[in-house]
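Source file: upload-v9.cif (mmCIF, C-alpha atoms)
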```
data_entry
loop_
_atom_site.label_atom_id
_atom_site.label_comp_id
_atom_site.auth_asym_id
_atom_site.auth_seq_id
_atom_site.Cartn_x
_atom_site.Cartn_y
_atom_site.Cartn_z
CA MET A 1 109.01 70.46 -45.10
CA HIS A 2 106.50 72.68 -43.29
CA GLU A 3 109.52 74.57 -41.93
CA LEU A 4 109.58 76.58 -45.19
CA SER A 5 106.00 77.79 -44.73
CA LEU A 6 106.80 78.61 -41.09
CA VAL A 7 109.77 80.68 -42.26
CA GLU A 8 107.61 82.49 -44.83
CA ARG A 9 105.24 83.42 -42.00
CA LEU A 10 108.21 84.42 -39.84
CA ILE A 11 109.40 86.81 -42.58
CA ASP A 12 105.88 88.33 -42.77
CA MET A 13 105.99 88.87 -39.00
CA MET A 14 109.42 90.50 -39.19
CA GLU A 15 108.41 92.77 -42.08
CA GLN A 16 105.30 93.85 -40.23
CA THR A 17 107.38 94.61 -37.12
CA ALA A 18 109.81 96.61 -39.30
CA ARG A 19 106.94 98.77 -40.58
CA GLU A 20 105.59 99.33 -37.06
CA GLN A 21 108.95 99.99 -35.41
CA SER A 22 110.77 101.65 -38.33
CA PHE A 23 113.92 99.65 -38.90
CA GLN A 24 115.57 98.56 -42.14
CA ARG A 25 117.83 95.74 -41.17
CA ILE A 26 117.74 92.71 -38.89
CA ARG A 27 121.08 91.60 -37.45
CA GLY A 28 119.89 88.84 -35.16
CA ILE A 29 116.83 86.60 -34.95
CA HIS A 30 116.11 84.86 -31.64
CA LEU A 31 113.79 81.89 -31.85
CA GLU A 32 112.52 79.27 -29.45
CA VAL A 33 111.76 75.81 -30.81
CA GLY A 34 110.38 73.52 -28.13
CA SER A 35 111.37 69.87 -28.34
CA LEU A 36 107.67 69.00 -28.81
CA ALA A 37 106.94 71.75 -31.35
CA GLY A 38 107.05 69.38 -34.34
CA VAL A 39 109.69 71.58 -35.94
CA GLU A 40 113.11 70.28 -36.98
CA VAL A 41 115.79 72.81 -36.06
CA ASP A 42 118.08 71.77 -38.95
CA ALA A 43 115.21 72.04 -41.44
CA LEU A 44 114.30 75.42 -39.98
CA ARG A 45 117.85 76.71 -40.40
CA PHE A 46 117.92 75.35 -43.95
CA ALA A 47 114.61 77.08 -44.73
CA LEU A 48 115.91 80.37 -43.25
CA ASP A 49 119.00 80.12 -45.47
CA LEU A 50 116.75 79.61 -48.48
CA ALA A 51 114.14 82.24 -47.78
CA THR A 52 115.86 85.22 -46.13
CA PRO A 53 118.15 86.40 -48.99
CA GLY A 54 116.64 89.53 -50.48
CA THR A 55 114.67 90.29 -47.30
CA LEU A 56 115.51 92.61 -44.42
CA ALA A 57 116.74 89.54 -42.51
CA GLU A 58 119.43 88.69 -45.06
CA GLY A 59 122.65 87.77 -43.29
CA ALA A 60 121.08 87.94 -39.82
CA ALA A 61 122.54 85.70 -37.14
CA ILE A 62 120.07 82.99 -36.10
CA HIS A 63 119.88 82.07 -32.41
CA ILE A 64 117.68 79.12 -31.53
CA GLU A 65 116.82 77.98 -28.01
CA THR A 66 115.40 74.47 -27.71
CA PRO A 67 113.64 74.05 -24.37
CA THR A 68 112.61 70.55 -23.38
CA GLY A 69 108.93 69.76 -23.51
CA THR A 70 107.02 69.54 -20.26
CA ALA A 71 103.86 67.67 -19.40
CA ARG A 72 101.52 66.96 -16.52
CA CYS A 73 100.61 63.35 -15.92
CA GLN A 74 96.82 63.02 -15.81
CA ALA A 75 97.11 59.87 -13.70
CA CYS A 76 99.55 60.83 -10.89
CA GLU A 77 99.33 64.62 -11.47
CA ARG A 78 103.08 65.12 -11.41
CA GLU A 79 104.94 67.54 -13.67
CA ILE A 80 107.48 65.84 -15.93
CA GLU A 81 110.03 66.76 -18.56
CA ARG A 82 109.31 65.10 -21.86
CA ILE A 83 111.66 64.66 -24.76
CA SER A 84 109.48 62.41 -26.86
CA LEU A 85 105.75 62.07 -27.30
CA HIS A 86 105.44 58.31 -26.87
CA GLU A 87 107.29 57.75 -23.60
CA PRO A 88 105.21 57.08 -20.48
CA CYS A 89 105.23 59.03 -17.22
CA PRO A 90 108.51 58.07 -15.46
CA HIS A 91 106.70 58.02 -12.09
CA CYS A 92 103.63 55.90 -12.74
CA GLY A 93 103.92 54.58 -16.32
CA SER A 94 100.75 56.25 -17.61
CA HIS A 95 100.54 57.54 -21.16
CA ARG A 96 97.80 60.02 -20.22
CA LEU A 97 99.98 63.10 -20.36
CA LYS A 98 98.96 66.65 -21.08
CA ILE A 99 101.65 68.77 -22.69
CA THR A 100 102.21 71.97 -20.73
CA GLY A 101 105.21 73.54 -22.49
CA GLY A 102 107.95 73.23 -25.09
CA ASP A 103 105.50 72.72 -27.94
CA CYS A 104 105.80 76.12 -29.66
CA LEU A 105 107.85 77.88 -32.29
CA LEU A 106 108.25 81.41 -30.93
CA LEU A 107 109.78 84.52 -32.38
CA LYS A 108 111.30 85.83 -29.15
CA HIS A 109 113.12 88.97 -30.16
CA LEU A 110 115.05 90.72 -32.92
CA GLU A 111 118.27 92.68 -32.96
CA VAL A 112 117.73 95.46 -35.45
CA GLU A 113 119.34 98.64 -36.69
CA MET B 1 127.20 79.31 -61.50
CA CYS B 2 126.97 79.28 -57.73
CA THR B 3 129.34 76.65 -56.38
CA THR B 4 127.36 76.20 -53.19
CA CYS B 5 124.04 75.00 -54.52
CA GLY B 6 124.26 75.02 -58.31
CA CYS B 7 121.80 77.89 -58.78
CA GLY B 8 122.30 80.50 -61.48
CA GLU B 9 123.55 83.14 -59.07
CA THR B 10 127.23 83.93 -58.90
CA SER B 11 128.54 83.09 -55.48
CA PRO B 12 130.47 85.84 -53.70
CA GLU B 13 134.20 85.44 -53.33
CA PRO B 14 135.24 83.97 -50.01
CA GLY B 15 135.25 86.64 -47.34
CA ARG B 16 133.11 89.01 -49.39
CA LEU B 17 129.42 89.65 -48.91
CA PRO B 18 126.97 89.61 -51.80
CA THR B 19 126.51 93.00 -53.41
CA GLY B 20 124.20 95.44 -51.65
CA LEU B 21 125.01 94.19 -48.18
CA ALA B 22 127.06 96.11 -45.69
CA PRO B 23 129.64 93.98 -43.90
CA LEU B 24 128.28 92.64 -40.64
CA THR B 25 131.11 94.13 -38.63
CA ASP B 26 130.03 97.61 -39.73
CA THR B 27 127.08 97.77 -37.37
CA GLY B 28 125.12 100.84 -36.48
CA PRO B 29 123.48 101.11 -33.06
CA LEU B 30 121.59 97.87 -32.45
CA ARG B 31 118.14 97.83 -30.88
CA LEU B 32 116.55 94.85 -29.23
CA ILE B 33 112.87 94.40 -30.00
CA ARG B 34 110.86 91.96 -27.91
CA ILE B 35 108.25 90.05 -29.87
CA GLU B 36 107.39 86.81 -28.03
CA GLN B 37 104.89 85.64 -30.65
CA ASN B 38 103.98 82.16 -31.77
CA VAL B 39 104.83 81.77 -35.46
CA LEU B 40 101.67 79.67 -35.85
CA GLY B 41 99.59 82.32 -34.05
CA HIS B 42 98.31 83.84 -37.29
CA ASN B 43 97.13 80.45 -38.62
CA ASP B 44 95.61 79.60 -35.23
CA ALA B 45 93.64 82.86 -35.19
CA LEU B 46 92.22 82.16 -38.66
CA ALA B 47 91.43 78.59 -37.58
CA ARG B 48 89.47 79.95 -34.60
CA GLN B 49 87.44 82.15 -36.96
CA ASN B 50 86.68 79.11 -39.14
CA ARG B 51 85.74 77.05 -36.07
CA ASP B 52 83.42 79.80 -34.81
CA TRP B 53 81.71 80.11 -38.18
CA LEU B 54 81.29 76.33 -38.48
CA ALA B 55 79.92 76.06 -34.93
CA ARG B 56 77.46 78.94 -35.44
CA ASN B 57 76.15 77.21 -38.55
CA GLY B 58 76.04 73.74 -37.00
CA VAL B 59 78.43 72.33 -39.62
CA LEU B 60 80.57 69.35 -38.60
CA ALA B 61 84.04 69.79 -40.17
CA LEU B 62 86.42 66.83 -40.16
CA ASN B 63 90.06 67.03 -41.24
CA LEU B 64 91.07 63.73 -42.89
CA VAL B 65 94.79 63.07 -42.70
CA SER B 66 96.99 60.09 -43.61
CA SER B 67 99.95 58.99 -45.68
CA PRO B 68 99.37 59.01 -49.44
CA GLY B 69 97.41 55.96 -50.60
CA SER B 70 95.67 55.02 -47.35
CA GLY B 71 92.25 55.24 -48.99
CA LYS B 72 90.99 58.68 -47.92
CA THR B 73 89.32 59.54 -51.21
CA SER B 74 87.83 56.03 -51.58
CA LEU B 75 86.40 56.28 -48.05
CA LEU B 76 84.82 59.63 -48.96
CA GLU B 77 83.42 58.36 -52.29
CA ARG B 78 81.71 55.43 -50.62
CA THR B 79 80.47 57.49 -47.66
CA LEU B 80 79.02 60.21 -49.88
CA THR B 81 77.31 57.63 -52.11
CA GLU B 82 75.83 55.57 -49.26
CA LEU B 83 74.97 58.38 -46.82
CA GLY B 84 74.19 61.17 -49.28
CA GLU B 85 70.44 60.82 -48.84
CA GLN B 86 70.52 61.05 -45.02
CA LEU B 87 73.12 63.81 -44.60
CA ALA B 88 74.20 66.88 -46.58
CA PHE B 89 77.92 66.90 -47.43
CA THR B 90 80.50 69.22 -48.94
CA VAL B 91 84.19 68.48 -49.50
CA ILE B 92 87.44 70.46 -49.62
CA GLU B 93 90.15 68.52 -51.43
CA GLY B 94 93.79 69.36 -50.77
CA ASP B 95 96.51 68.14 -53.12
CA GLN B 96 99.75 69.61 -54.37
CA GLN B 97 98.62 69.30 -58.00
CA THR B 98 95.56 68.42 -60.15
CA ALA B 99 91.81 68.47 -59.55
CA ARG B 100 91.50 64.69 -59.88
CA ASP B 101 90.22 64.07 -56.35
CA ALA B 102 87.63 66.88 -56.53
CA GLU B 103 86.40 65.33 -59.80
CA ARG B 104 86.05 61.94 -58.10
CA ILE B 105 84.02 63.59 -55.32
CA ARG B 106 81.82 65.55 -57.72
CA ALA B 107 81.05 62.31 -59.57
CA THR B 108 79.15 61.24 -56.43
CA GLY B 109 76.94 64.35 -56.78
CA THR B 110 78.63 66.21 -53.89
CA ARG B 111 79.85 69.80 -54.13
CA ALA B 112 83.63 70.00 -53.79
CA VAL B 113 86.39 72.61 -53.96
CA GLN B 114 89.92 71.62 -54.93
CA VAL B 115 92.75 73.50 -53.23
CA ASN B 116 96.15 73.03 -54.87
CA THR B 117 98.92 73.72 -52.42
CA GLY B 118 101.66 73.79 -55.09
CA LYS B 119 104.92 73.36 -53.22
CA GLY B 120 103.05 73.38 -49.90
CA CYS B 121 102.81 70.12 -48.01
CA HIS B 122 99.63 70.89 -46.04
CA LEU B 123 96.42 72.90 -46.05
CA ASP B 124 96.29 76.00 -43.84
CA ALA B 125 93.45 77.89 -42.16
CA HIS B 126 93.50 80.72 -44.71
CA GLN B 127 92.91 78.27 -47.59
CA ILE B 128 89.99 76.79 -45.68
CA SER B 129 88.42 80.20 -44.97
CA GLN B 130 88.57 80.97 -48.70
CA ALA B 131 87.11 77.58 -49.61
CA LEU B 132 84.30 78.08 -47.07
CA ILE B 133 83.24 81.25 -48.91
CA THR B 134 83.04 79.32 -52.19
CA LEU B 135 81.38 76.21 -50.75
CA ALA B 136 79.03 77.86 -48.21
CA PRO B 137 78.26 74.53 -46.50
CA PRO B 138 74.61 74.47 -45.36
CA GLY B 139 73.63 74.35 -41.69
CA GLY B 140 73.55 70.83 -40.26
CA SER B 141 75.84 69.46 -42.98
CA VAL B 142 79.14 67.58 -42.80
CA LEU B 143 82.25 69.17 -44.33
CA PHE B 144 85.07 66.78 -45.13
CA ILE B 145 88.49 68.38 -45.56
CA GLU B 146 90.78 65.88 -47.26
CA ASN B 147 94.25 67.12 -46.42
CA VAL B 148 97.42 66.56 -48.46
CA GLY B 149 98.63 62.96 -47.97
CA ASN B 150 101.33 63.53 -45.36
CA LEU B 151 101.56 62.49 -41.70
CA VAL B 152 104.00 65.23 -40.71
CA CYS B 153 103.20 68.77 -41.84
CA PRO B 154 99.36 68.86 -41.60
CA ALA B 155 99.65 68.00 -37.88
CA LEU B 156 100.77 71.53 -36.99
CA PHE B 157 98.22 73.51 -38.96
CA ASP B 158 94.85 73.82 -37.27
CA LEU B 159 92.17 74.40 -39.91
CA GLY B 160 89.28 75.04 -37.52
CA GLU B 161 87.93 71.51 -37.81
CA ALA B 162 85.96 69.78 -35.07
CA GLY B 163 88.40 66.88 -35.17
CA LYS B 164 91.12 65.11 -37.11
CA VAL B 165 90.35 61.67 -38.52
CA VAL B 166 93.66 59.86 -39.02
CA ILE B 167 93.53 56.98 -41.49
CA LEU B 168 96.15 54.26 -41.36
CA SER B 169 96.02 51.34 -43.78
CA VAL B 170 97.31 47.92 -42.81
CA THR B 171 99.70 47.90 -45.78
CA GLU B 172 101.72 50.49 -43.86
CA GLY B 173 103.95 49.96 -40.83
CA GLU B 174 102.17 49.07 -37.61
CA ASP B 175 104.51 51.42 -35.69
CA LYS B 176 103.41 54.57 -37.54
CA PRO B 177 101.63 56.02 -34.46
CA VAL B 178 104.94 56.28 -32.55
CA LYS B 179 106.87 57.35 -35.66
CA TYR B 180 104.44 60.21 -36.33
CA PRO B 181 103.22 61.02 -32.81
CA ASP B 182 102.46 64.69 -33.57
CA MET B 183 99.68 63.58 -35.86
CA PHE B 184 98.34 60.56 -33.97
CA ARG B 185 98.21 62.37 -30.64
CA ARG B 186 95.83 64.95 -32.17
CA ALA B 187 93.44 62.37 -33.66
CA ALA B 188 89.77 62.45 -32.63
CA LEU B 189 89.26 59.14 -34.46
CA VAL B 190 91.65 56.63 -36.00
CA ILE B 191 90.51 54.47 -38.90
CA LEU B 192 92.42 51.29 -39.65
CA ASN B 193 91.64 50.69 -43.32
CA LYS B 194 92.12 47.81 -45.80
CA ILE B 195 91.60 45.14 -43.11
CA ASP B 196 90.43 42.73 -45.84
CA LEU B 197 94.13 42.44 -46.73
CA LEU B 198 95.19 41.26 -43.26
CA PRO B 199 95.33 37.54 -44.18
CA HIS B 200 98.01 38.38 -46.77
CA LEU B 201 100.12 40.61 -44.51
CA GLU B 202 102.16 40.38 -41.32
CA PHE B 203 100.51 43.49 -39.88
CA ASP B 204 99.83 42.94 -36.16
CA VAL B 205 96.67 44.90 -35.29
CA ASP B 206 97.17 44.56 -31.52
CA ALA B 207 100.76 45.81 -31.77
CA CYS B 208 99.58 48.77 -33.85
CA LEU B 209 96.90 49.62 -31.28
CA GLY B 210 99.53 49.32 -28.53
CA HIS B 211 101.69 51.89 -30.34
CA LEU B 212 98.66 54.12 -30.78
CA ARG B 213 97.79 53.95 -27.06
CA GLN B 214 101.28 55.24 -26.25
CA VAL B 215 100.56 58.57 -27.92
CA ASN B 216 96.76 58.79 -27.68
CA PRO B 217 95.42 56.43 -24.97
CA ASP B 218 91.71 57.16 -25.37
CA VAL B 219 91.13 57.73 -29.08
CA PRO B 220 88.37 55.58 -30.61
CA VAL B 221 89.49 53.23 -33.40
CA LEU B 222 87.40 51.82 -36.25
CA GLU B 223 88.68 48.87 -38.26
CA LEU B 224 87.25 48.79 -41.74
CA SER B 225 87.64 47.91 -45.38
CA VAL B 226 86.29 50.54 -47.73
CA THR B 227 86.43 48.28 -50.78
CA ARG B 228 84.64 45.34 -49.08
CA GLY B 229 82.32 47.52 -46.99
CA THR B 230 83.44 45.91 -43.71
CA GLY B 231 82.93 48.05 -40.62
CA LEU B 232 81.37 50.96 -42.50
CA SER B 233 78.19 50.98 -40.41
CA ALA B 234 80.24 51.89 -37.31
CA TRP B 235 81.86 54.75 -39.25
CA TYR B 236 78.46 55.99 -40.40
CA ALA B 237 77.11 55.80 -36.84
CA TRP B 238 80.11 57.77 -35.54
CA LEU B 239 79.64 60.41 -38.25
CA GLN B 240 75.92 60.74 -37.58
CA ASP B 241 76.56 61.09 -33.84
CA GLN B 242 79.25 63.77 -34.33
CA ARG B 243 77.04 65.68 -36.75
CA ASP B 244 74.07 65.51 -34.34
CA GLN B 245 76.31 66.92 -31.59
CA ALA B 246 77.35 69.80 -33.89
CA VAL B 247 73.69 70.59 -34.56
CA ARG B 248 72.72 70.33 -30.86
CA ASN B 249 75.61 72.59 -29.80
CA ARG B 250 74.75 75.24 -32.35
CA PRO B 251 74.42 78.50 -30.38
#
```

Turn the structure described in the file into structure tokens.
Amino acid sequence: MHELSLVERLIDMMEQTAREQSFQRIRGIHLEVGSLAGVEVDALRFALDLATPGTLAEGAAIHIETPTGTARCQACEREIERISLHEPCPHCGSHRLKITGGDCLLLKHLEVE
Amino acid sequence: MCTTCGCGETSPEPGRLPTGLAPLTDTGPLRLIRIEQNVLGHNDALARQNRDWLARNGVLALNLVSSPGSGKTSLLERTLTELGEQLAFTVIEGDQQTARDAERIRATGTRAVQVNTGKGCHLDAHQISQALITLAPPGGSVLFIENVGNLVCPALFDLGEAGKVVILSVTEGEDKPVKYPDMFRRAALVILNKIDLLPHLEFDVDACLGHLRQVNPDVPVLELSVTRGTGLSAWYAWLQDQRDQAVRNRP
């Protein structure tokens, strides 16, 4: 359940932004969770429900984009979309794949007042 | 009592917000603030600081990760006892509770710091930076970081180590590498432990290695039994080689 520690860090980031940009309330949180980020979206939502009450993000709407992971095959050098980490390159069957995207948990933007 | 989760808080009536909150429909002017930051960025920055410090001091740091009960602490005890005269070691022990593992390590004569993560399921880079201040590992030494027994959460948290050593014991499922690919794909070395038990099990080593190659095609694998001492010389040779590289690459 590392999602809870990620949410604690997320709240720190939002509180810091609130101090820098002078706002009191967050109405919407926009996140990106890549399919290869190692973060479960349901667990993340659960952790947000647990941890945001009493913070400036209480009651905020949560918007989560989930882009598909991408990789470059080291053998045939083609770019591929990757949903799982153990599947081979669909073009040449190699498992030597370098992940090039969709492996991050990003705080994209906030709707604040 | 709250009817949603059973906590002591009174749940608000349906359609009403908890006290102190303005209704969401009553919005003031909304502003959009672009952030575009990685939530793990803070941990990664601290991990880079740890890695820089370790590299400058020629300290080889290895992050040992596995399921609970794979034999991490036993591997360390035996390694520290048998290699303690050739190499200098320090150990950071991560567990949710107790200092039992640090006590086992100290019994070998090695300095160790216990980090209790409480509810946390992994060590993070901040905990390691604090432990480094306490331990002050000497130049040219090997620092073992024994992470919380968990193949999921520690995968995401870079500590600043030179590499992750993933330990899998043959009493576990041979398909663990594909079940926990986030961890196995980041391994610098995989140790297959408890191989003395293979005659009593249906664990298929080749099938396990096949699963591993799907997520990490080139990772070296050492098969060993800590309790019987099988294969330990290859582990010691790998350790010595990695430590020599850390010393050679010291700026």

*asked:* Can you spell out as an NGL selection string the set of residues that the PyMOL selection byres ((chain B) within 6 of (chain A)) selects in the structure I just provided?
replied: :B and (30-39 or 153 or 214-215)

Give me the result of the PyMOL selection byres ((chain B and resi 95) around 9) on this file, residue by residue, as a compact mmCIF listing (two decimals) with C-alpha atoms, in the frame of the given file.
```txt
# COMPACT_ATOMS: atom_id res chain seq x y z
CA GLU B 93 90.15 68.52 -51.43
CA GLY B 94 93.79 69.36 -50.77
CA GLN B 96 99.75 69.61 -54.37
CA GLN B 97 98.62 69.30 -58.00
CA THR B 98 95.56 68.42 -60.15
CA ALA B 99 91.81 68.47 -59.55
CA ASP B 101 90.22 64.07 -56.35
CA GLN B 114 89.92 71.62 -54.93
CA VAL B 115 92.75 73.50 -53.23
CA ASN B 116 96.15 73.03 -54.87
CA THR B 117 98.92 73.72 -52.42
CA GLY B 118 101.66 73.79 -55.09
CA GLY B 120 103.05 73.38 -49.90
CA CYS B 121 102.81 70.12 -48.01
CA HIS B 122 99.63 70.89 -46.04
CA LEU B 123 96.42 72.90 -46.05
CA GLU B 146 90.78 65.88 -47.26
CA ASN B 147 94.25 67.12 -46.42
CA VAL B 148 97.42 66.56 -48.46
CA GLY B 149 98.63 62.96 -47.97
```

*Which residues match the PyMOL selection byres ((chain B and resi 168) around 8) in the file above, as JSON, numbers by chain?*
{"B": [66, 67, 70, 166, 167, 169, 170, 172, 190, 191, 192, 193]}

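Reported to one decimal place, the separation of CA of Leu76 (chain B) from CA of Pro181 (chain B) is 24.5 Å.
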
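Between CA of Cys73 (chain A) and CA of Arg185 (chain B) the interatomic distance comes to 14.9 Å.
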
*asked:* If I take CA of Ser129 (chain B) and CA of Ala45 (chain B), how far is one from the other in Å, to one decimal?
replied: 11.4 Å

_Long-range neighbours of Leu209 (chain B) as a PyMOL selection string, 12 Å cut-off, all atoms listed in the file, 5 positions minimum in chain_ = chain B and resi 168+170+173-178+184+190-192+203-204+214-223

*Nearest-residue call for Asp182 (chain B), choices B:Ser225, B:Lys164, B:Arg104, B:Val152, using all atoms listed in the file*: B:Val152

N, CA and C atoms restored at region 95-112 of chain A, emitted as a JSON list (two decimals), in the coordinates of the input:
```
[["chain", "number", "residue", "atom", "x", "y", "z"],
["A", 95, "HIS", "N", 100.34, 56.77, -19.93],
["A", 95, "HIS", "CA", 100.54, 57.54, -21.16],
["A", 95, "HIS", "C", 99.57, 58.72, -21.24],
["A", 96, "ARG", "N", 98.75, 58.90, -20.20],
["A", 96, "ARG", "CA", 97.80, 60.02, -20.22],
["A", 96, "ARG", "C", 98.50, 61.29, -19.74],
["A", 97, "LEU", "N", 99.16, 61.94, -20.69],
["A", 97, "LEU", "CA", 99.98, 63.10, -20.36],
["A", 97, "LEU", "C", 99.49, 64.30, -21.12],
["A", 98, "LYS", "N", 99.39, 65.41, -20.42],
["A", 98, "LYS", "CA", 98.96, 66.65, -21.08],
["A", 98, "LYS", "C", 100.18, 67.54, -21.23],
["A", 99, "ILE", "N", 100.47, 67.93, -22.45],
["A", 99, "ILE", "CA", 101.65, 68.77, -22.69],
["A", 99, "ILE", "C", 101.41, 70.16, -22.13],
["A", 100, "THR", "N", 102.38, 70.66, -21.37],
["A", 100, "THR", "CA", 102.21, 71.97, -20.73],
["A", 100, "THR", "C", 103.23, 73.00, -21.22],
["A", 101, "GLY", "N", 104.22, 72.58, -21.99],
["A", 101, "GLY", "CA", 105.21, 73.54, -22.49],
["A", 101, "GLY", "C", 106.17, 72.90, -23.47],
["A", 102, "GLY", "N", 106.96, 73.74, -24.14],
["A", 102, "GLY", "CA", 107.95, 73.23, -25.09],
["A", 102, "GLY", "C", 107.34, 72.70, -26.37],
["A", 103, "ASP", "N", 106.15, 73.20, -26.71],
["A", 103, "ASP", "CA", 105.50, 72.72, -27.94],
["A", 103, "ASP", "C", 105.25, 73.87, -28.92],
["A", 104, "CYS", "N", 106.03, 74.95, -28.80],
["A", 104, "CYS", "CA", 105.80, 76.12, -29.66],
["A", 104, "CYS", "C", 107.05, 76.51, -30.44],
["A", 105, "LEU", "N", 106.79, 77.17, -31.58],
["A", 105, "LEU", "CA", 107.85, 77.88, -32.29],
["A", 105, "LEU", "C", 107.57, 79.36, -32.06],
["A", 106, "LEU", "N", 108.46, 80.00, -31.30],
["A", 106, "LEU", "CA", 108.25, 81.41, -30.93],
["A", 106, "LEU", "C", 109.31, 82.29, -31.57],
["A", 107, "LEU", "N", 108.85, 83.45, -32.05],
["A", 107, "LEU", "CA", 109.78, 84.52, -32.38],
["A", 107, "LEU", "C", 109.94, 85.33, -31.11],
["A", 108, "LYS", "N", 111.11, 85.21, -30.47],
["A", 108, "LYS", "CA", 111.30, 85.83, -29.15],
["A", 108, "LYS", "C", 111.66, 87.32, -29.29],
["A", 109, "HIS", "N", 112.79, 87.58, -29.92],
["A", 109, "HIS", "CA", 113.12, 88.97, -30.16],
["A", 109, "HIS", "C", 114.06, 89.13, -31.35],
["A", 110, "LEU", "N", 114.22, 90.39, -31.75],
["A", 110, "LEU", "CA", 115.05, 90.72, -32.92],
["A", 110, "LEU", "C", 116.08, 91.75, -32.51],
["A", 111, "GLU", "N", 117.28, 91.60, -33.07],
["A", 111, "GLU", "CA", 118.27, 92.68, -32.96],
["A", 111, "GLU", "C", 118.23, 93.43, -34.28],
["A", 112, "VAL", "N", 117.94, 94.70, -34.22],
["A", 112, "VAL", "CA", 117.73, 95.46, -35.45],
["A", 112, "VAL", "C", 118.56, 96.74, -35.43]]
```
